[in-house]
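K.L.:
I'm passing along entry_10.txt; it holds compact mmCIF, C-alpha atoms.
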# COMPACT_ATOMS: atom_id res chain seq x y z
CA MET A 4 180.02 155.17 172.09
CA GLU A 5 178.12 154.74 175.36
CA LEU A 6 178.61 151.26 176.81
CA LEU A 7 175.31 149.89 178.13
CA ALA A 8 176.14 146.27 178.96
CA GLU A 9 178.80 143.64 178.40
CA GLY A 10 179.19 139.89 178.47
CA ARG A 11 181.68 137.17 177.66
CA THR A 12 181.30 137.40 173.87
CA ALA A 13 180.08 140.95 173.19
CA GLU A 14 179.60 144.52 174.36
CA VAL A 15 176.39 146.51 173.88
CA PHE A 16 176.51 150.20 173.00
CA ALA A 17 173.88 152.88 172.45
CA ALA A 18 173.33 153.39 168.72
CA GLY A 19 170.91 156.26 168.33
CA GLU A 20 167.24 156.62 169.15
CA GLY A 21 165.72 153.28 170.10
CA ARG A 22 168.67 151.18 168.91
CA VAL A 23 171.74 149.44 170.33
CA LEU A 24 174.83 147.97 168.71
CA LYS A 25 175.88 144.54 170.00
CA LEU A 26 179.56 144.38 169.09
CA ASP A 27 181.51 141.12 169.13
CA ARG A 28 184.60 140.93 171.30
CA PRO A 29 187.71 140.31 169.15
CA ASP A 30 188.03 136.66 170.22
CA TRP A 31 184.41 136.02 169.17
CA ASN A 32 184.33 138.11 166.02
CA GLY A 33 181.66 136.97 163.56
CA LEU A 34 179.06 135.71 166.02
CA SER A 35 176.89 138.76 165.41
CA VAL A 36 176.42 137.82 161.75
CA PHE A 37 174.94 134.47 162.81
CA GLU A 38 172.80 136.07 165.52
CA ALA A 39 171.47 138.72 163.12
CA SER A 40 170.28 136.03 160.71
CA VAL A 41 168.71 134.00 163.52
CA LEU A 42 166.96 137.01 165.07
CA THR A 43 165.41 137.90 161.73
CA LEU A 44 163.87 134.42 161.52
CA LEU A 45 162.66 134.53 165.13
CA ALA A 46 161.21 138.03 164.89
CA ASP A 47 159.38 137.10 161.69
CA ALA A 48 157.93 134.09 163.56
CA GLY A 49 156.50 136.43 166.22
CA LEU A 50 158.80 135.45 169.07
CA PRO A 51 159.67 138.03 171.77
CA VAL A 52 163.10 139.12 170.55
CA ALA A 53 164.84 142.41 169.79
CA ARG A 54 164.44 142.85 166.05
CA PRO A 55 167.72 143.27 164.15
CA HIS A 56 168.39 146.18 161.80
CA GLY A 57 171.44 145.03 159.90
CA THR A 58 175.07 144.47 160.76
CA ARG A 59 177.92 146.93 161.22
CA THR A 60 181.70 146.73 161.52
CA VAL A 61 183.62 148.95 163.97
CA ASN A 62 187.42 148.79 164.09
CA GLY A 63 187.36 145.34 162.55
CA ARG A 64 184.75 144.05 165.00
CA SER A 65 181.42 142.85 163.64
CA GLY A 66 178.17 143.81 165.29
CA VAL A 67 174.40 143.76 164.91
CA VAL A 68 172.07 146.73 165.37
CA LEU A 69 169.03 145.83 167.50
CA ASP A 70 165.93 147.42 168.95
CA ARG A 71 166.76 148.90 172.35
CA ILE A 72 164.84 147.30 175.23
CA ASP A 73 164.71 149.58 178.26
CA GLY A 74 164.10 147.54 181.37
CA PRO A 75 165.79 145.36 183.98
CA SER A 76 166.70 141.73 183.55
CA LEU A 77 164.36 139.20 185.12
CA LEU A 78 167.21 138.35 187.50
CA GLN A 79 167.17 141.92 188.84
CA VAL A 80 163.41 141.74 189.29
CA LEU A 81 163.60 138.40 191.13
CA ARG A 82 166.06 139.83 193.63
CA ALA A 83 163.63 142.61 194.55
CA VAL A 84 160.32 140.76 195.02
CA GLY A 85 158.67 138.51 197.59
CA PRO A 86 157.97 134.75 197.51
CA ASP A 87 154.48 134.93 195.98
CA GLU A 88 155.71 137.17 193.19
CA ILE A 89 158.58 134.77 192.52
CA ASP A 90 156.10 131.96 191.91
CA ARG A 91 154.06 134.14 189.53
CA LEU A 92 157.18 135.17 187.62
CA ALA A 93 158.24 131.52 187.35
CA GLY A 94 154.93 130.73 185.69
CA GLU A 95 155.38 133.56 183.21
CA PHE A 96 158.97 132.44 182.53
CA VAL A 97 157.75 128.92 181.76
CA ALA A 98 155.08 130.32 179.44
CA VAL A 99 157.61 132.35 177.44
CA GLN A 100 159.94 129.37 177.11
CA LEU A 101 157.04 127.20 175.93
CA GLN A 102 156.02 129.86 173.41
CA CYS A 103 159.47 129.49 171.88
CA ASN A 104 159.48 125.69 172.12
CA GLU A 105 156.10 125.44 170.36
CA THR A 106 157.21 127.64 167.43
CA ILE A 107 158.67 125.97 164.33
CA VAL A 108 161.35 127.97 162.50
CA ALA A 109 163.16 126.46 159.50
CA GLY A 110 166.88 126.89 159.05
CA LEU A 111 168.09 126.55 162.66
CA PRO A 112 170.71 124.01 163.84
CA GLU A 113 169.48 120.63 165.10
CA LEU A 114 169.81 120.06 168.85
CA VAL A 115 169.70 116.25 169.14
CA PRO A 116 172.69 115.59 166.84
CA ARG A 117 174.61 118.31 168.70
CA LEU A 118 173.92 116.58 172.01
CA ARG A 119 175.06 113.22 170.60
CA ARG A 120 178.37 114.75 169.50
CA GLU A 121 178.88 116.45 172.87
CA LEU A 122 178.18 113.23 174.75
CA GLU A 123 180.83 111.52 172.64
CA VAL A 124 183.39 114.16 173.65
CA GLY A 125 182.29 114.89 177.22
CA VAL A 126 181.73 111.38 178.60
CA PRO A 127 184.98 109.36 178.66
CA ASP A 128 183.38 106.28 180.23
CA ALA A 129 182.09 104.13 177.37
CA GLY A 130 179.38 102.50 179.46
CA GLN A 131 177.94 105.78 180.66
CA GLN A 132 178.17 107.24 177.18
CA GLN A 133 176.16 104.35 175.73
CA GLU A 134 173.60 104.69 178.53
CA LEU A 135 173.12 108.40 177.84
CA TRP A 136 172.87 107.81 174.08
CA ARG A 137 170.13 105.21 174.69
CA MET A 138 168.32 107.70 176.94
CA LEU A 139 168.55 110.40 174.29
CA ASP A 140 167.16 108.10 171.61
CA ALA A 141 164.27 107.05 173.86
CA LEU A 142 163.46 110.56 175.07
CA ASP A 143 163.57 112.26 171.67
CA ASP A 144 159.89 112.81 170.89
CA GLY A 145 160.53 114.30 167.46
CA GLY A 146 159.71 117.81 168.63
CA ARG A 147 161.63 120.41 166.64
CA GLY A 148 160.48 123.70 168.08
CA VAL A 149 162.80 126.59 168.92
CA CYS A 150 165.11 125.87 171.86
CA HIS A 151 167.00 128.90 173.16
CA PHE A 152 169.27 126.58 175.16
CA ASP A 153 170.61 129.41 177.33
CA PHE A 154 167.25 130.39 178.79
CA HIS A 155 167.71 131.86 182.26
CA PRO A 156 166.64 135.07 184.05
CA SER A 157 169.68 137.08 182.96
CA ASN A 158 168.68 136.50 179.32
CA VAL A 159 165.15 137.83 179.76
CA LEU A 160 164.59 141.59 179.81
CA VAL A 161 161.42 142.94 181.44
CA GLY A 162 160.66 145.72 178.96
CA PRO A 163 157.85 148.27 178.95
CA ASP A 164 155.97 146.32 176.27
CA GLY A 165 156.59 142.85 177.69
CA TRP A 166 159.38 140.35 178.16
CA VAL A 167 162.12 140.08 175.55
CA VAL A 168 164.51 137.13 175.25
CA ILE A 169 168.13 137.98 174.35
CA ASP A 170 171.40 136.17 173.52
CA TRP A 171 170.39 133.54 170.96
CA LEU A 172 173.81 132.17 170.06
CA THR A 173 172.99 128.65 171.32
CA VAL A 174 169.63 128.41 169.51
CA ALA A 175 168.60 125.09 168.00
CA THR A 176 165.50 123.10 167.10
CA GLY A 177 164.68 120.15 169.32
CA PRO A 178 162.51 118.68 172.08
CA SER A 179 160.97 121.14 174.50
CA ALA A 180 161.99 119.03 177.50
CA ALA A 181 165.66 119.42 176.57
CA ASP A 182 165.37 123.21 176.75
CA LEU A 183 163.77 123.00 180.20
CA ALA A 184 166.47 120.61 181.40
CA ARG A 185 169.18 122.98 180.17
CA THR A 186 167.57 125.86 182.11
CA LEU A 187 167.71 123.80 185.30
CA VAL A 188 171.32 122.73 184.72
CA LEU A 189 172.56 126.24 183.90
CA TRP A 190 171.70 127.52 187.36
CA GLY A 191 171.60 124.16 189.09
CA GLN A 192 173.86 125.20 191.94
CA ARG A 193 171.73 128.22 192.86
CA SER A 194 169.50 126.17 195.13
CA THR A 195 168.92 128.58 198.03
CA GLY A 196 167.08 131.85 198.52
CA SER A 197 164.87 133.49 195.92
CA LEU A 198 166.66 131.91 192.96
CA GLY A 199 166.34 128.44 194.43
CA ARG A 200 162.60 129.00 194.94
CA PHE A 201 162.31 130.31 191.39
CA GLN A 202 164.10 127.30 189.88
CA ARG A 203 162.00 124.84 191.88
CA ALA A 204 158.84 126.55 190.64
CA VAL A 205 160.17 126.50 187.06
CA ARG A 206 160.86 122.77 187.32
CA SER A 207 157.43 122.00 188.77
CA GLU A 208 155.45 124.22 186.39
CA GLY A 209 157.59 123.44 183.36
CA ARG A 210 157.32 119.69 183.91
CA ALA A 211 153.55 119.82 184.45
CA ARG A 212 152.86 121.98 181.39
CA ARG A 213 154.87 119.64 179.17
CA GLY A 214 153.22 116.50 180.55
CA LEU A 215 156.60 115.17 181.71
CA ASP A 216 157.13 112.84 184.62
CA ASP A 217 160.01 113.41 187.02
CA ASP A 218 162.02 110.44 185.77
CA ALA A 219 161.99 111.64 182.17
CA LEU A 220 163.00 115.17 183.19
CA ASP A 221 165.81 113.79 185.36
CA GLU A 222 167.11 111.79 182.39
CA TRP A 223 167.12 114.90 180.20
CA ILE A 224 168.98 116.73 182.97
CA ARG A 225 171.62 113.97 183.01
CA ILE A 226 172.09 114.24 179.25
CA VAL A 227 172.33 118.02 179.25
CA ALA A 228 174.77 118.06 182.20
CA ALA A 229 177.05 115.54 180.49
CA ALA A 230 177.00 117.55 177.26
CA ARG A 231 177.77 120.77 179.13
CA VAL A 232 181.10 119.33 180.31
CA THR A 233 182.40 119.96 176.77
CA GLU A 234 182.15 123.73 177.36
CA GLY A 235 185.49 123.77 179.15
CA PHE A 236 184.60 123.50 182.83
CA GLU A 237 187.19 122.29 185.31
CA GLY A 238 187.48 121.73 189.04
CA ASP A 239 184.38 121.84 191.23
CA GLU A 240 182.05 122.87 188.39
CA LYS A 241 183.12 119.95 186.21
CA ALA A 242 182.85 117.53 189.15
CA TRP A 243 179.34 118.80 189.88
CA LEU A 244 178.26 118.37 186.25
CA GLN A 245 179.64 114.83 186.26
CA ARG A 246 177.69 113.97 189.42
CA VAL A 247 174.49 115.27 187.83
CA ALA A 248 175.26 113.36 184.62
CA ALA A 249 175.75 110.16 186.62
CA GLY A 250 172.36 110.62 188.30
CA SER A 251 173.82 110.95 191.78
CA GLU A 252 172.49 114.49 192.25
CA ARG A 253 168.96 115.61 191.37
CA LEU A 254 168.03 119.23 190.75
CA PHE A 255 165.28 121.26 192.41
CA VAL A 256 163.13 118.43 193.72
Show me, as structure tokens, the structure contained in the file I just sent.
P.N.:
Amino acid sequence: MELLAEGRTAEVFAAGEGRVLKLDRPDWNGLSVFEASVLTLLADAGLPVARPHGTRTVNGRSGVVLDRIDGPSLLQVLRAVGPDEIDRLAGEFVAVQLQCNETIVAGLPELVPRLRRELEVGVPDAGQQQELWRMLDALDDGGRGVCHFDFHPSNVLVGPDGWVVIDWLTVATGPSAADLARTLVLWGQRSTGSLGRFQRAVRSEGRARRGLDDDALDEWIRIVAAARVTEGFEGDEKAWLQRVAAGSERLFV
């Protein structure tokens, strides 16, 4: 099979006319079954995803057959354009994320309880943990739209018929502001050059379109950074996340 792309959890192969096979790596076998079920729900809700066409097993590895999207990632596009185009693309990026966040899809995992559990594991200081739990309770506006929760330019393909969002393994339902905060944390150390400009524009536009003030967004960023520590980071990356979680480092202001 022709290998088209690869990531930490899967490899993507050509699978005939207009289709690809996303095949789980052995250590992550079974994820594709979950993603296939999620993508069916999201596609039926009208969200910009690659529609699934069933699952397949190859040499004991599970996979999902998807529509093939021919086009670069948004990251590749950002690296090739000028400053004004970066600002326009940031606005479109925010609009696509909000389209997801404003869509209600039943049957997805709940984000807020997940964050509470991750704060319990990722924040050893009892005082800080209680502070972040109180923040989470106060910030939770009851919104339960679709949160991709791994929404960044590498997970957006610029296809011939529009943008398509990929890699939905972290999907949940929850407050829109949490999804924006996660986007800023994911690439929070890319603060220079075109990507820094893009992230600053995403923060400004995303905050304004959600009616958030800077303090509320910063609190969401602290919560999301603290929860992200549970994903196995060590060294400088873990120390950076802990500084953000403590509120000693703000992102893209």
K.L.:
Take atom CA of A:Leu244 and atom CA of A:Leu189 and report the distance between them in Å, one decimal.
P.N.:
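Taking atom CA of A:Leu244 as the start and atom CA of A:Leu189 as the end point, the length is 10.0 Å.
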K.L.:
Write out as a PDB file with C-alpha atoms, in the frame of the given file each polymer residue whose atoms come within 10 Å of A:Glu121, counting all atoms listed in the file; drop sequence neighbours fewer than 4 positions from it.
P.N.:
ATOM      1  CA  VAL A 115     169.700 116.250 169.140  1.00  0.00           C
ATOM      2  CA  PRO A 116     172.690 115.590 166.840  1.00  0.00           C
ATOM      3  CA  ARG A 117     174.610 118.310 168.700  1.00  0.00           C
ATOM      4  CA  GLY A 125     182.290 114.890 177.220  1.00  0.00           C
ATOM      5  CA  VAL A 126     181.730 111.380 178.600  1.00  0.00           C
ATOM      6  CA  ILE A 226     172.090 114.240 179.250  1.00  0.00           C
ATOM      7  CA  VAL A 227     172.330 118.020 179.250  1.00  0.00           C
ATOM      8  CA  ALA A 229     177.050 115.540 180.490  1.00  0.00           C
ATOM      9  CA  ALA A 230     177.000 117.550 177.260  1.00  0.00           C
ATOM     10  CA  ARG A 231     177.770 120.770 179.130  1.00  0.00           C
ATOM     11  CA  VAL A 232     181.100 119.330 180.310  1.00  0.00           C
ATOM     12  CA  THR A 233     182.400 119.960 176.770  1.00  0.00           C
ATOM     13  CA  GLU A 234     182.150 123.730 177.360  1.00  0.00           C
TER      14      GLU A 234
END
K.L.:
Between atom CA of A:Asp87 and atom CA of A:Arg253, what is the spacing in Å?
P.N.:
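Atom-to-atom, atom CA of A:Arg253 and atom CA of A:Asp87 are spaced 24.6 Å apart.
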K.L.:
For A:Arg147, list every protein, DNA or RNA residue within 12 Å, evaluated using all atoms listed in the file, and leave out those in the same chain fewer than 2 positions away; present the list as a list in words.
P.N.:
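The residues satisfying every condition are Cys103, Asn104, Glu105, Thr106, Ile107, Val108, Ala109, Gly110, Leu111, Pro112, Glu113, Leu114, Val115, Asp143, Asp144, Gly145, Val149, Cys150, His151, Val174, Ala175, Thr176, Gly177, Pro178, Ser179, Ala180, Ala181 and Asp182 of chain A.
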K.L.:
Counting all atoms listed in the file, which of A:Val159, A:Val188, A:Ala219, A:Val80 gets nearest to A:Ala141?
P.N.:
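Counting all atoms listed in the file, the residue closest to A:Ala141 is A:Ala219.
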K.L.:
Which of these, A:Leu122, A:Leu142, A:Ala249, A:Val84, has the shortest distance to A:Ser197 once you count only C-alpha atoms?
P.N.:
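Among A:Leu122, A:Leu142, A:Ala249, A:Val84, it is A:Val84 that comes nearest to A:Ser197.
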K.L.:
For atom CA of A:Ala184 and atom CA of A:Ile224, quote the distance in Å rounded to one decimal.
P.N.:
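Computing it gives 4.9 Å between the two atoms.
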K.L.:
Between A:Leu45, A:Leu34, A:Pro156, A:Phe255, single out the one closest to A:Asp217, counting only C-alpha atoms.
P.N.:
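That would be A:Phe255, the residue with the smallest distance to A:Asp217.
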K.L.:
Smallest atom-to-atom distance to A:Thr58: which of A:Leu172, A:Leu24, A:Ala98, A:Leu135, using all atoms listed in the file?
P.N.:
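Among A:Leu172, A:Leu24, A:Ala98, A:Leu135, it is A:Leu24 that comes nearest to A:Thr58.
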K.L.:
Which residue out of A:Val52, A:Leu101, A:Ala248, A:Val124 has the minimum interatomic distance to A:Trp166 when all atoms listed in the file are used?
P.N.:
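Ranking A:Val52, A:Leu101, A:Ala248, A:Val124 by distance to A:Trp166, first place goes to A:Val52.
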K.L.:
Within 10 Å of A:Glu14, counting only C-alpha atoms, which residues show up once you throw out same-chain ones fewer than 4 positions away? Write them as a ChimeraX atom specification, please.
P.N.:
/A:6-10,24-28,66
K.L.:
Considering only C-alpha atoms, can you say which of A:Ala242, A:Val168, A:Ala228, A:Ala129 comes closest to A:Pro51?
P.N.:
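Using only C-alpha atoms, the shortest distance to A:Pro51 belongs to A:Val168.
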K.L.:
Generate the coordinates of N, CA and C atoms for stretch 206-234 of chain A; report them as a PDB file, in the coordinates of the input.
P.N.:
ATOM      1  N   ARG A 206     160.859 124.216 187.552  1.00  0.00           N
ATOM      2  CA  ARG A 206     160.860 122.770 187.320  1.00  0.00           C
ATOM      3  C   ARG A 206     159.439 122.210 187.441  1.00  0.00           C
ATOM      4  N   SER A 207     158.751 122.555 188.529  1.00  0.00           N
ATOM      5  CA  SER A 207     157.430 122.000 188.770  1.00  0.00           C
ATOM      6  C   SER A 207     156.442 122.414 187.689  1.00  0.00           C
ATOM      7  N   GLU A 208     156.388 123.715 187.389  1.00  0.00           N
ATOM      8  CA  GLU A 208     155.450 124.220 186.390  1.00  0.00           C
ATOM      9  C   GLU A 208     155.840 123.771 184.982  1.00  0.00           C
ATOM     10  N   GLY A 209     157.134 123.830 184.691  1.00  0.00           N
ATOM     11  CA  GLY A 209     157.590 123.440 183.360  1.00  0.00           C
ATOM     12  C   GLY A 209     157.342 121.974 183.074  1.00  0.00           C
ATOM     13  N   ARG A 210     157.570 121.120 184.076  1.00  0.00           N
ATOM     14  CA  ARG A 210     157.320 119.690 183.910  1.00  0.00           C
ATOM     15  C   ARG A 210     155.835 119.427 183.697  1.00  0.00           C
ATOM     16  N   ALA A 211     154.990 120.054 184.528  1.00  0.00           N
ATOM     17  CA  ALA A 211     153.550 119.820 184.450  1.00  0.00           C
ATOM     18  C   ALA A 211     152.985 120.279 183.104  1.00  0.00           C
ATOM     19  N   ARG A 212     153.428 121.434 182.627  1.00  0.00           N
ATOM     20  CA  ARG A 212     152.860 121.980 181.390  1.00  0.00           C
ATOM     21  C   ARG A 212     153.344 121.221 180.151  1.00  0.00           C
ATOM     22  N   ARG A 213     154.404 120.473 180.290  1.00  0.00           N
ATOM     23  CA  ARG A 213     154.870 119.640 179.170  1.00  0.00           C
ATOM     24  C   ARG A 213     154.370 118.207 179.271  1.00  0.00           C
ATOM     25  N   GLY A 214     153.677 117.872 180.367  1.00  0.00           N
ATOM     26  CA  GLY A 214     153.220 116.500 180.550  1.00  0.00           C
ATOM     27  C   GLY A 214     154.341 115.519 180.810  1.00  0.00           C
ATOM     28  N   LEU A 215     155.441 116.012 181.410  1.00  0.00           N
ATOM     29  CA  LEU A 215     156.600 115.170 181.710  1.00  0.00           C
ATOM     30  C   LEU A 215     156.464 114.546 183.081  1.00  0.00           C
ATOM     31  N   ASP A 216     156.998 113.347 183.253  1.00  0.00           N
ATOM     32  CA  ASP A 216     157.130 112.840 184.620  1.00  0.00           C
ATOM     33  C   ASP A 216     158.543 113.156 185.124  1.00  0.00           C
ATOM     34  N   ASP A 217     158.730 113.031 186.420  1.00  0.00           N
ATOM     35  CA  ASP A 217     160.010 113.410 187.020  1.00  0.00           C
ATOM     36  C   ASP A 217     161.163 112.580 186.489  1.00  0.00           C
ATOM     37  N   ASP A 218     160.940 111.301 186.251  1.00  0.00           N
ATOM     38  CA  ASP A 218     162.020 110.440 185.770  1.00  0.00           C
ATOM     39  C   ASP A 218     162.519 110.886 184.398  1.00  0.00           C
ATOM     40  N   ALA A 219     161.594 111.206 183.506  1.00  0.00           N
ATOM     41  CA  ALA A 219     161.990 111.640 182.170  1.00  0.00           C
ATOM     42  C   ALA A 219     162.760 112.956 182.225  1.00  0.00           C
ATOM     43  N   LEU A 220     162.294 113.891 183.061  1.00  0.00           N
ATOM     44  CA  LEU A 220     163.000 115.170 183.190  1.00  0.00           C
ATOM     45  C   LEU A 220     164.391 114.946 183.775  1.00  0.00           C
ATOM     46  N   ASP A 221     164.487 114.079 184.778  1.00  0.00           N
ATOM     47  CA  ASP A 221     165.810 113.790 185.360  1.00  0.00           C
ATOM     48  C   ASP A 221     166.761 113.196 184.323  1.00  0.00           C
ATOM     49  N   GLU A 222     166.248 112.372 183.428  1.00  0.00           N
ATOM     50  CA  GLU A 222     167.110 111.790 182.390  1.00  0.00           C
ATOM     51  C   GLU A 222     167.578 112.872 181.416  1.00  0.00           C
ATOM     52  N   TRP A 223     166.694 113.783 181.044  1.00  0.00           N
ATOM     53  CA  TRP A 223     167.120 114.900 180.200  1.00  0.00           C
ATOM     54  C   TRP A 223     168.186 115.739 180.904  1.00  0.00           C
ATOM     55  N   ILE A 224     168.002 115.962 182.201  1.00  0.00           N
ATOM     56  CA  ILE A 224     168.980 116.730 182.970  1.00  0.00           C
ATOM     57  C   ILE A 224     170.340 116.034 182.939  1.00  0.00           C
ATOM     58  N   ARG A 225     170.354 114.715 183.077  1.00  0.00           N
ATOM     59  CA  ARG A 225     171.620 113.970 183.010  1.00  0.00           C
ATOM     60  C   ARG A 225     172.304 114.164 181.659  1.00  0.00           C
ATOM     61  N   ILE A 226     171.531 114.077 180.589  1.00  0.00           N
ATOM     62  CA  ILE A 226     172.090 114.240 179.250  1.00  0.00           C
ATOM     63  C   ILE A 226     172.667 115.632 179.059  1.00  0.00           C
ATOM     64  N   VAL A 227     171.901 116.632 179.446  1.00  0.00           N
ATOM     65  CA  VAL A 227     172.330 118.020 179.250  1.00  0.00           C
ATOM     66  C   VAL A 227     173.558 118.333 180.110  1.00  0.00           C
ATOM     67  N   ALA A 228     173.606 117.817 181.330  1.00  0.00           N
ATOM     68  CA  ALA A 228     174.770 118.060 182.200  1.00  0.00           C
ATOM     69  C   ALA A 228     176.020 117.421 181.602  1.00  0.00           C
ATOM     70  N   ALA A 229     175.897 116.214 181.095  1.00  0.00           N
ATOM     71  CA  ALA A 229     177.050 115.540 180.490  1.00  0.00           C
ATOM     72  C   ALA A 229     177.541 116.303 179.267  1.00  0.00           C
ATOM     73  N   ALA A 230     176.614 116.788 178.444  1.00  0.00           N
ATOM     74  CA  ALA A 230     177.000 117.550 177.260  1.00  0.00           C
ATOM     75  C   ALA A 230     177.663 118.866 177.633  1.00  0.00           C
ATOM     76  N   ARG A 231     177.231 119.464 178.717  1.00  0.00           N
ATOM     77  CA  ARG A 231     177.770 120.770 179.130  1.00  0.00           C
ATOM     78  C   ARG A 231     179.240 120.672 179.559  1.00  0.00           C
ATOM     79  N   VAL A 232     179.693 119.508 179.939  1.00  0.00           N
ATOM     80  CA  VAL A 232     181.100 119.330 180.310  1.00  0.00           C
ATOM     81  C   VAL A 232     182.028 119.757 179.174  1.00  0.00           C
ATOM     82  N   THR A 233     181.555 119.626 177.932  1.00  0.00           N
ATOM     83  CA  THR A 233     182.400 119.960 176.770  1.00  0.00           C
ATOM     84  C   THR A 233     182.657 121.453 176.655  1.00  0.00           C
ATOM     85  N   GLU A 234     182.003 122.275 177.470  1.00  0.00           N
ATOM     86  CA  GLU A 234     182.150 123.730 177.360  1.00  0.00           C
ATOM     87  C   GLU A 234     183.373 124.255 178.112  1.00  0.00           C
TER      88      GLU A 234
END
